[in-house]
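Only one structure is covered here, and it is reproduced in the block below.
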Amino acid sequence: MDAIDLQIIRELQADGRLSNQELADRVRLSPSPCLRRVRRLEEAGLIRGYTAMVDQSAFGLPITVFVRIRLERHTGDTVRVFEEHVARIEHIQDCYLMAGSSDYLLRVVIESLEAYEALVRHRIHAIPGIASIESSFAFGSVKQSRIYPAPHA
């Protein structure tokens with residue numbers, strides 16, 4: 001991956017709807033080499049797909065909750081079962097395996113406090129092997145970015 005590939009990735013992260021011509025102009029390439037580079041980045045798995053960024057509140061999910069989970073045991077079965085359950089809960093947007101006092105950090109988006117209570121009571125508590133659940137509610141968002149910083153070589 002060279003500097004032009006990095007620039008292509010950054011431009012597409014900022015606007016995934018760019019035409020190949022617009023992208024080529026921004027990275028100072030002709031359209032054919034630009035398209036070849038984009039296809040190569042896609043084939044290599046660096047570009048995994050394209051999506052629309054939707055306003056969370058306008059979509060009807062104004063509440064963001066960060067949930068710290070600690071498991072009772074760290075056996076292969078306990079971890080596998082937990083991760084399989086989490087993967088099926090659509091309100092859980094992100095699940096990170098953590099170092100420190102929590103085993104997992106979840107980012108949940110939801111429509112109301114009542115809906116979050118129901119999610120915890122009926123879906124999360126139902127997952128076997130959980131020792132503790134701790135929730136923190138976001139008051140707002142200061143920064144959200146999907147544009148990665150360039151790695152330093």
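We name chains A, B, ... following the order of the structure tokens; residues begin at 1 in each chain, and ligands are numbered from 1 as shown.
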For stretch 14-131 of chain A against stretch 142-151 of chain A, with a cut-off of 12 Å and counting only C-alpha atoms, what is the closest atom pair and its distance in Å to one decimal for every residue that makes the cut, ordered by chain and number, as a Markdown table?
```
| residue | atom | partner | partner_atom | distance |
| --- | --- | --- | --- | --- |
| A:Ala14 | CA | A:Ile147 | CA | 6.6 |
| A:Asp15 | CA | A:Ile147 | CA | 10.0 |
| A:Gly16 | CA | A:Ile147 | CA | 11.3 |
| A:Leu46 | CA | A:Tyr148 | CA | 11.9 |
| A:Tyr50 | CA | A:Arg146 | CA | 11.9 |
| A:Thr51 | CA | A:Arg146 | CA | 11.2 |
| A:Ala52 | CA | A:Arg146 | CA | 11.6 |
| A:Met53 | CA | A:Arg146 | CA | 9.6 |
| A:Asp55 | CA | A:Gln144 | CA | 11.6 |
| A:Gln56 | CA | A:Gln144 | CA | 11.8 |
```
Where does stretch 30-82 of chain A meet stretch 115-124 of chain A within 10 Å, residue by residue, with the nearest atom pair and distance in Å to one decimal for each, counting only C-alpha atoms, listed by chain and rising number, as a Markdown table?
```
| residue | atom | partner | partner_atom | distance |
| --- | --- | --- | --- | --- |
| A:Ile63 | CA | A:Tyr116 | CA | 8.9 |
| A:Thr64 | CA | A:Tyr116 | CA | 9.8 |
| A:Val65 | CA | A:Tyr116 | CA | 8.6 |
| A:Ile69 | CA | A:Ile124 | CA | 9.8 |
| A:Phe82 | CA | A:Ile124 | CA | 9.3 |
```
Quick check for you: according to DSSP on this backbone, which residues of stretch 10-150 of chain A are classed as strand (DSSP E)? Reply as an MDAnalysis selection string. chainID A and resid 63:71 92:97 104:110 130:137
With only C-alpha atoms as the basis for distance, which of A:Cys95, A:Val86, A:Leu71, A:Val79 is at the shortest distance from A:Ile133? A:Leu71
Could you check which of A:Asp77, A:Asp5, A:Arg40, A:Ser141 is closest to A:Ala24, using only C-alpha atoms?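 Of A:Asp77, A:Asp5, A:Arg40, A:Ser141, the one nearest A:Ala24, counting only C-alpha atoms, is A:Asp5.
Taking only C-alpha atoms into account, A:Pro31 lies nearest to A:Ser19 out of the set A:Ser19, A:Glu134, A:Gly100, A:Ile47.
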Set the distance at 12 Å and use only C-alpha atoms: which residues neighbour A:Arg28 once local chain neighbours fewer than 4 positions away are removed? I'd like the list as a count of residues only. 13
Top pick for closest residue to A:Gly140, considering A:Pro62, A:Ile89, A:Pro128, A:Arg37 and counting only C-alpha atoms: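 Of the candidates, the smallest distance to A:Gly140 is held by A:Pro62.
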All helix (DSSP H, G or I) positions in stretch 79-113 of chain A, as an MDAnalysis selection string: chainID A and resid 79:87 113
